[in-house]
$ cat input25.txt   # compact mmCIF, C-alpha atoms
# COMPACT_ATOMS: atom_id res chain seq x y z
CA MET R 6 9.34 49.66 72.35
CA ASN R 7 9.54 52.74 74.54
CA ILE R 8 12.26 55.26 75.19
CA VAL R 9 12.53 55.80 78.95
CA VAL R 10 14.43 59.00 79.69
CA ARG R 11 16.28 60.29 82.72
CA THR R 12 16.24 63.99 81.98
CA TYR R 13 19.13 66.30 82.70
CA ASN R 14 17.40 67.47 85.90
CA GLY R 15 16.83 63.86 87.07
CA SER R 16 13.14 63.39 86.21
CA VAL R 17 11.91 60.26 84.47
CA VAL R 18 9.70 60.54 81.37
CA VAL R 19 8.75 58.16 78.58
CA ARG R 20 8.90 59.12 74.93
CA PRO R 21 6.73 56.86 72.77
CA ASP R 22 8.27 54.99 69.85
CA THR R 23 6.40 57.27 67.40
CA THR R 24 8.92 59.98 68.32
CA TRP R 25 11.86 57.89 67.08
CA LYS R 26 13.20 59.00 63.71
CA ARG R 27 14.81 55.96 62.15
CA GLY R 28 17.62 57.19 59.96
CA ASN R 29 18.76 60.71 59.19
CA ASP R 30 15.59 62.01 57.56
CA ASP R 31 15.02 65.74 57.87
CA PHE R 32 12.66 67.07 60.54
CA TYR R 33 9.89 69.27 59.19
CA ALA R 34 8.60 71.43 62.03
CA PRO R 35 4.79 71.60 62.28
CA GLU R 36 3.27 75.04 61.75
CA PHE R 37 2.53 75.52 65.47
CA VAL R 38 6.22 75.15 66.43
CA GLU R 39 8.14 78.43 66.69
CA GLU R 40 11.43 77.28 68.23
CA ILE R 41 13.31 74.00 68.50
CA THR R 42 15.63 73.21 71.39
CA ALA R 43 17.66 70.03 71.73
CA ALA R 44 19.23 67.88 74.42
CA PRO R 45 22.11 65.46 73.71
CA VAL R 46 21.47 61.92 74.90
CA PHE R 47 23.29 58.66 75.48
CA PHE R 48 21.19 55.51 75.39
CA VAL R 49 21.36 51.79 76.07
CA ARG R 50 19.19 49.03 74.61
CA ILE R 51 17.57 46.75 77.20
CA CYS R 52 18.16 43.05 76.46
CA LYS R 53 16.42 41.49 79.46
CA ALA R 54 13.08 42.53 80.95
CA ASN R 55 12.63 43.44 84.61
CA ARG R 56 11.74 46.24 87.02
CA SER R 57 13.40 47.64 90.15
CA ILE R 58 16.85 46.70 88.88
CA ALA R 59 19.66 47.31 91.37
CA ALA R 60 22.59 49.34 90.00
CA LYS R 61 25.07 46.56 90.81
CA PHE R 62 23.18 44.20 88.44
CA ALA R 63 22.15 46.73 85.78
CA ASP R 64 25.03 45.95 83.39
CA ARG R 65 23.39 42.54 82.81
CA TYR R 66 20.29 44.23 81.40
CA TYR R 67 21.69 46.12 78.40
CA ASP R 68 23.67 44.93 75.41
CA SER R 69 24.35 47.97 73.20
CA VAL R 70 24.84 51.73 73.45
CA GLY R 71 24.61 54.83 71.29
CA GLY R 72 24.25 58.59 71.17
CA GLY R 73 21.57 60.87 69.88
CA LEU R 74 19.52 63.99 70.20
CA PHE R 75 16.05 64.85 71.50
CA LEU R 76 14.30 67.76 69.82
CA TYR R 77 11.80 69.81 71.82
CA PRO R 78 9.23 72.31 70.51
CA GLU R 79 10.07 74.96 73.07
CA ASN R 80 6.85 76.96 72.72
CA LEU R 81 4.88 73.90 74.00
CA ILE R 82 6.88 73.85 77.23
CA ASP R 83 4.99 76.28 79.44
CA GLY R 84 6.52 75.31 82.78
CA SER R 85 3.85 72.76 83.64
CA PRO R 86 4.41 68.99 83.69
CA GLU R 87 1.70 68.65 81.02
CA GLY R 88 3.53 71.06 78.70
CA PHE R 89 6.77 69.11 78.99
CA ALA R 90 4.93 65.79 78.48
CA THR R 91 3.27 67.18 75.34
CA ALA R 92 6.63 68.35 73.99
CA CYS R 93 8.10 64.86 74.60
CA CYS R 94 5.36 63.24 72.50
CA LEU R 95 5.77 65.23 69.28
CA ASP R 96 6.28 62.72 66.47
CA ARG R 97 9.73 62.25 64.93
CA THR R 98 11.68 64.30 67.49
CA THR R 99 13.97 61.53 68.78
CA TYR R 100 17.16 61.01 66.77
CA LEU R 101 19.06 57.96 68.03
CA THR R 102 22.01 56.42 66.21
CA TYR R 103 22.16 52.74 65.40
CA PRO R 104 23.25 51.13 68.69
CA GLU R 105 26.78 49.76 68.94
CA MET R 106 27.09 46.24 70.37
CA ASP R 107 30.13 47.15 72.47
CA LYS R 108 29.04 48.13 76.00
CA ALA R 109 32.58 49.36 76.67
CA LEU R 110 31.80 52.43 74.54
CA ALA R 111 30.28 54.12 77.57
CA GLY R 112 32.59 57.06 78.29
CA SER R 113 33.35 57.60 74.57
CA ASP R 114 33.55 60.91 72.68
CA PHE R 115 30.30 62.42 71.44
CA HIS R 116 29.95 65.64 69.40
CA LEU R 117 26.89 67.51 68.12
CA MET R 118 26.75 70.61 65.89
CA ALA R 119 23.81 72.71 64.69
CA GLY R 120 24.95 74.80 61.76
CA ASP R 121 28.22 76.32 62.96
CA ARG R 122 27.24 76.17 66.66
CA LEU R 123 28.50 73.49 69.02
CA LEU R 124 25.64 71.79 70.89
CA PHE R 125 27.67 69.19 72.77
CA ASP R 126 31.28 68.10 72.91
CA GLY R 127 32.28 65.64 75.57
CA ALA R 128 32.27 62.12 76.83
CA THR R 129 29.25 59.93 77.30
CA PRO R 130 28.42 58.75 80.83
CA SER R 131 30.54 56.16 82.59
CA PRO R 132 29.23 52.60 82.98
CA GLU R 133 28.46 53.37 86.64
CA THR R 134 26.29 56.34 85.66
CA VAL R 135 24.47 54.17 83.11
CA CYS R 136 23.76 51.54 85.77
CA ASP R 137 22.49 54.22 88.15
CA ALA R 138 20.15 55.52 85.43
CA ILE R 139 18.77 52.02 84.80
CA GLN R 140 18.16 51.66 88.52
CA ASP R 141 16.40 55.06 88.64
CA VAL R 142 14.06 54.51 85.70
CA SER R 143 13.25 50.88 86.53
CA ARG R 144 11.75 52.01 89.85
CA PHE R 145 8.96 53.71 87.88
CA CYS R 146 8.31 51.37 84.99
CA TYR R 147 8.85 47.83 83.82
CA LEU R 148 11.66 47.69 81.26
CA ARG R 149 11.01 45.31 78.38
CA THR R 150 13.43 43.75 75.93
CA GLY R 151 14.04 46.27 73.15
CA ASP R 152 13.26 49.36 75.24
CA TYR R 153 15.83 52.13 75.31
CA VAL R 154 16.98 53.90 78.45
CA ALA R 155 18.27 57.36 77.53
CA ILE R 156 20.24 59.80 79.66
CA GLU R 157 20.15 63.48 78.76
CA LEU R 158 23.74 64.75 78.84
CA GLY R 159 22.94 68.44 79.05
CA PRO R 160 20.08 70.92 79.35
CA ARG R 161 17.91 71.87 76.39
CA THR R 162 19.82 74.24 74.12
CA PRO R 163 18.28 76.51 71.46
CA VAL R 164 18.89 75.14 67.95
CA CYS R 165 16.72 77.22 65.63
CA ARG R 166 13.64 79.39 65.27
CA ARG R 167 11.06 79.61 62.51
CA GLU R 168 12.76 82.66 61.00
CA ASP R 169 15.99 80.64 60.56
CA GLY R 170 14.29 78.48 57.93
CA ARG R 171 16.71 75.55 57.89
CA VAL R 172 19.55 74.34 60.13
CA GLU R 173 21.78 71.35 59.50
CA VAL R 174 22.52 69.09 62.48
CA LYS R 175 25.56 66.79 62.51
CA GLY R 176 26.84 64.42 65.14
CA SER R 177 29.60 61.91 65.70
CA PHE R 178 29.89 59.08 68.21
CA CYS R 179 33.19 57.27 68.84
CA GLY R 180 34.77 59.09 65.91
CA ASN R 181 32.09 57.93 63.43
CA ASP R 182 29.71 60.38 61.77
CA THR R 183 26.30 59.20 62.95
CA LEU R 184 23.83 62.09 62.64
CA ASP R 185 23.29 64.27 59.59
CA PHE R 186 19.87 65.85 59.08
CA SER R 187 18.21 69.24 58.76
CA ILE R 188 15.50 70.94 60.76
CA ILE R 189 13.24 72.70 58.28
CA PHE R 190 10.53 75.23 59.06

$ encode --input "input25.txt" --output "structure tokens"
Amino acid sequence: MNIVVRTYNGSVVVRPDTTWKRGNDDFYAPEFVEEITAAPVFFVRICKANRSIAAKFADRYYDSVGGGLFLYPENLIDGSPEGFATACCLDRTTYLTYPEMDKALAGSDFHLMAGDRLLFDGATPSPETVCDAIQDVSRFCYLRTGDYVAIELGPRTPVCRREDGRVEVKGSFCGNDTLDFSIIF
């Protein structure tokens, strides 16, 4: 299972499944990480394998949706493609909620907080935007059953630095509390 991402700036990257944090376990930052940034994401679970999927057929290829958060070790992102790829591969930096089986939840409310700071407050993408994202990412890679296609909803935002020690992250999707974990340095 892979997590294929359309980043906020429109690039396509793949985060390996080792980055997925199943559940709300705390994230313990490795000693080489000085700052954590985060990007809110909306994702769909692929239920039928294929590649080069046209947007008008893309709704046939996913069966559930959810929200989440990607953590990035900002000091690894040096402006090069390799730096960003390295940051995307850091273990346990992908927090995705349990997917909801109702595809109609695209366009629902999604909220993320880090401590007392608002990280994201808005609606998830429309079904049309989701289908466009599936079309975009399936041009580059074969989507298998069980893969996730994630869409970053905003740019990376600073969450915490090493000197902060600990920050609690909370999120809600469709009015349900879905994320509740801490980033600990």

$ residues_around --input "input25.txt" --residues "Arg65 of chain R" --least-positions-apart "5" --cutoff "10 Å" --atoms "only C-alpha atoms" --output "list in words"
Ile51, Cys52, Lys53, Ile58, Ala60 and Cys136 of chain R

$ residues_around --input "input25.txt" --residues "segment 13-25 of chain R" --least-positions-apart "5" --cutoff "8 Å" --atoms "only C-alpha atoms" --output "count of residues only"
20

$ residues_around --input "input25.txt" --residues "Phe125 of chain R" --least-positions-apart "5" --cutoff "9 Å" --atoms "all atoms listed in the file" --output "list in words"
Ala44, Pro45, Phe115, His116, Leu117, Met118, Leu158 and Gly159 of chain R

$ closest_residue --input "input25.txt" --among "R:Ala63, R:Ile188, R:Val49, R:Ile41" --to "Thr162 of chain R" --atoms "only C-alpha atoms"
R:Ile41

$ residues_around --input "input25.txt" --residues "Asn29 of chain R" --least-positions-apart "4" --cutoff "8 Å" --atoms "only C-alpha atoms" --output "PDB file with C-alpha atoms, in the frame of the given file"
ATOM      1  CA  TYR R 100      17.160  61.010  66.770  1.00  0.00           C
ATOM      2  CA  LEU R 184      23.830  62.090  62.640  1.00  0.00           C
ATOM      3  CA  ASP R 185      23.290  64.270  59.590  1.00  0.00           C
ATOM      4  CA  PHE R 186      19.870  65.850  59.080  1.00  0.00           C
TER       5      PHE R 186
END

$ axis_aligned_box --input "input25.txt" --around "segment 86-89 of chain R" --padding-each-side "6 Å" --output "JSON"
{"center_x": 4.2, "center_y": 69.9, "center_z": 81.2, "size_x": 17.1, "size_y": 14.4, "size_z": 17.0}

$ closest_residue --input "input25.txt" --among "R:Arg166, R:Arg122, R:Lys175, R:Arg50" --to "Tyr77 of chain R" --atoms "all atoms listed in the file"
R:Arg166

$ closest_residue --input "input25.txt" --among "R:Asp141, R:Asp114, R:Glu173, R:Glu105" --to "Ile189 of chain R" --atoms "all atoms listed in the file"
R:Glu173

$ closest_residue --input "input25.txt" --among "R:Asn80, R:Thr150, R:Thr129, R:Thr12" --to "Ala54 of chain R" --atoms "all atoms listed in the file"
R:Thr150

$ closest_residue --input "input25.txt" --among "R:Ser187, R:Thr42, R:Asn181, R:Ser143" --to "Pro163 of chain R" --atoms "only C-alpha atoms"
R:Thr42

$ closest_residue --input "input25.txt" --among "R:Cys146, R:Val9, R:Val70, R:Ile139" --to "Thr102 of chain R" --atoms "only C-alpha atoms"
R:Val70

$ atom_distance --input "input25.txt" --atom1 "atom CA of Arg161 of chain R" --atom2 "atom CA of Ser177 of chain R"
18.7 Å

$ decode --input "input25.txt" --residues "segment 28-54 of chain R" --atoms "N, CA and C atoms" --output "mmCIF file, in the first residue's frame"
data_model
loop_
_atom_site.group_PDB
_atom_site.id
_atom_site.type_symbol
_atom_site.label_atom_id
_atom_site.label_comp_id
_atom_site.auth_asym_id
_atom_site.auth_seq_id
_atom_site.Cartn_x
_atom_site.Cartn_y
_atom_site.Cartn_z
ATOM 1 N N GLY R 28 -3.450 4.991 13.980
ATOM 2 C CA GLY R 28 -3.909 5.384 15.309
ATOM 3 C C GLY R 28 -3.389 6.765 15.663
ATOM 4 N N ASN R 29 -3.608 7.153 16.892
ATOM 5 C CA ASN R 29 -3.228 8.484 17.366
ATOM 6 C C ASN R 29 -2.025 8.434 18.298
ATOM 7 N N ASP R 30 -1.079 7.556 18.012
ATOM 8 C CA ASP R 30 0.132 7.492 18.817
ATOM 9 C C ASP R 30 0.937 8.768 18.647
ATOM 10 N N ASP R 31 1.624 9.164 19.713
ATOM 11 C CA ASP R 31 2.443 10.372 19.663
ATOM 12 C C ASP R 31 3.601 10.201 18.684
ATOM 13 N N PHE R 32 4.059 11.332 18.139
ATOM 14 C CA PHE R 32 5.214 11.345 17.248
ATOM 15 C C PHE R 32 6.415 11.847 18.035
ATOM 16 N N TYR R 33 7.433 11.007 18.121
ATOM 17 C CA TYR R 33 8.677 11.368 18.797
ATOM 18 C C TYR R 33 9.686 11.772 17.724
ATOM 19 N N ALA R 34 10.023 13.050 17.691
ATOM 20 C CA ALA R 34 10.916 13.565 16.661
ATOM 21 C C ALA R 34 12.326 13.023 16.865
ATOM 22 N N PRO R 35 12.943 12.502 15.793
ATOM 23 C CA PRO R 35 14.333 12.052 15.898
ATOM 24 C C PRO R 35 15.249 13.216 16.266
ATOM 25 N N GLU R 36 16.411 12.905 16.791
ATOM 26 C CA GLU R 36 17.318 13.951 17.288
ATOM 27 C C GLU R 36 17.826 14.895 16.207
ATOM 28 N N PHE R 37 17.802 14.477 14.933
ATOM 29 C CA PHE R 37 18.281 15.353 13.862
ATOM 30 C C PHE R 37 17.205 16.310 13.345
ATOM 31 N N VAL R 38 15.988 16.213 13.862
ATOM 32 C CA VAL R 38 14.898 17.092 13.425
ATOM 33 C C VAL R 38 14.813 18.291 14.367
ATOM 34 N N GLU R 39 14.856 19.491 13.769
ATOM 35 C CA GLU R 39 14.811 20.722 14.564
ATOM 36 C C GLU R 39 13.441 21.399 14.522
ATOM 37 N N GLU R 40 12.721 21.207 13.420
ATOM 38 C CA GLU R 40 11.417 21.864 13.261
ATOM 39 C C GLU R 40 10.481 20.951 12.489
ATOM 40 N N ILE R 41 9.224 20.928 12.909
ATOM 41 C CA ILE R 41 8.186 20.155 12.223
ATOM 42 C C ILE R 41 7.195 21.134 11.598
ATOM 43 N N THR R 42 6.933 20.922 10.307
ATOM 44 C CA THR R 42 5.848 21.626 9.638
ATOM 45 C C THR R 42 4.803 20.580 9.271
ATOM 46 N N ALA R 43 3.620 21.036 8.904
ATOM 47 C CA ALA R 43 2.541 20.102 8.581
ATOM 48 C C ALA R 43 1.695 20.644 7.445
ATOM 49 N N ALA R 44 1.131 19.712 6.690
ATOM 50 C CA ALA R 44 0.190 20.060 5.623
ATOM 51 C C ALA R 44 -1.083 19.245 5.826
ATOM 52 N N PRO R 45 -2.254 19.892 5.830
ATOM 53 C CA PRO R 45 -3.514 19.160 5.930
ATOM 54 C C PRO R 45 -3.779 18.408 4.632
ATOM 55 N N VAL R 46 -4.357 17.216 4.749
ATOM 56 C CA VAL R 46 -4.635 16.419 3.554
ATOM 57 C C VAL R 46 -6.028 15.812 3.608
ATOM 58 N N PHE R 47 -6.559 15.591 2.423
ATOM 59 C CA PHE R 47 -7.783 14.824 2.229
ATOM 60 C C PHE R 47 -7.369 13.634 1.383
ATOM 61 N N PHE R 48 -7.891 12.455 1.693
ATOM 62 C CA PHE R 48 -7.469 11.276 0.946
ATOM 63 C C PHE R 48 -8.651 10.402 0.561
ATOM 64 N N VAL R 49 -8.427 9.587 -0.467
ATOM 65 C CA VAL R 49 -9.399 8.583 -0.888
ATOM 66 C C VAL R 49 -8.682 7.235 -0.952
ATOM 67 N N ARG R 50 -9.434 6.168 -0.693
ATOM 68 C CA ARG R 50 -8.876 4.817 -0.785
ATOM 69 C C ARG R 50 -9.263 4.229 -2.135
ATOM 70 N N ILE R 51 -8.269 3.754 -2.865
ATOM 71 C CA ILE R 51 -8.491 3.172 -4.192
ATOM 72 C C ILE R 51 -9.062 1.765 -4.030
ATOM 73 N N CYS R 52 -10.147 1.471 -4.752
ATOM 74 C CA CYS R 52 -10.811 0.165 -4.637
ATOM 75 C C CYS R 52 -10.691 -0.676 -5.899
ATOM 76 N N LYS R 53 -10.124 -0.085 -6.950
ATOM 77 C CA LYS R 53 -9.974 -0.803 -8.213
ATOM 78 C C LYS R 53 -8.674 -0.337 -8.855
ATOM 79 N N ALA R 54 -7.820 -1.279 -9.240
ATOM 80 C CA ALA R 54 -6.506 -0.946 -9.783
ATOM 81 C C ALA R 54 -6.585 -0.491 -11.229
#
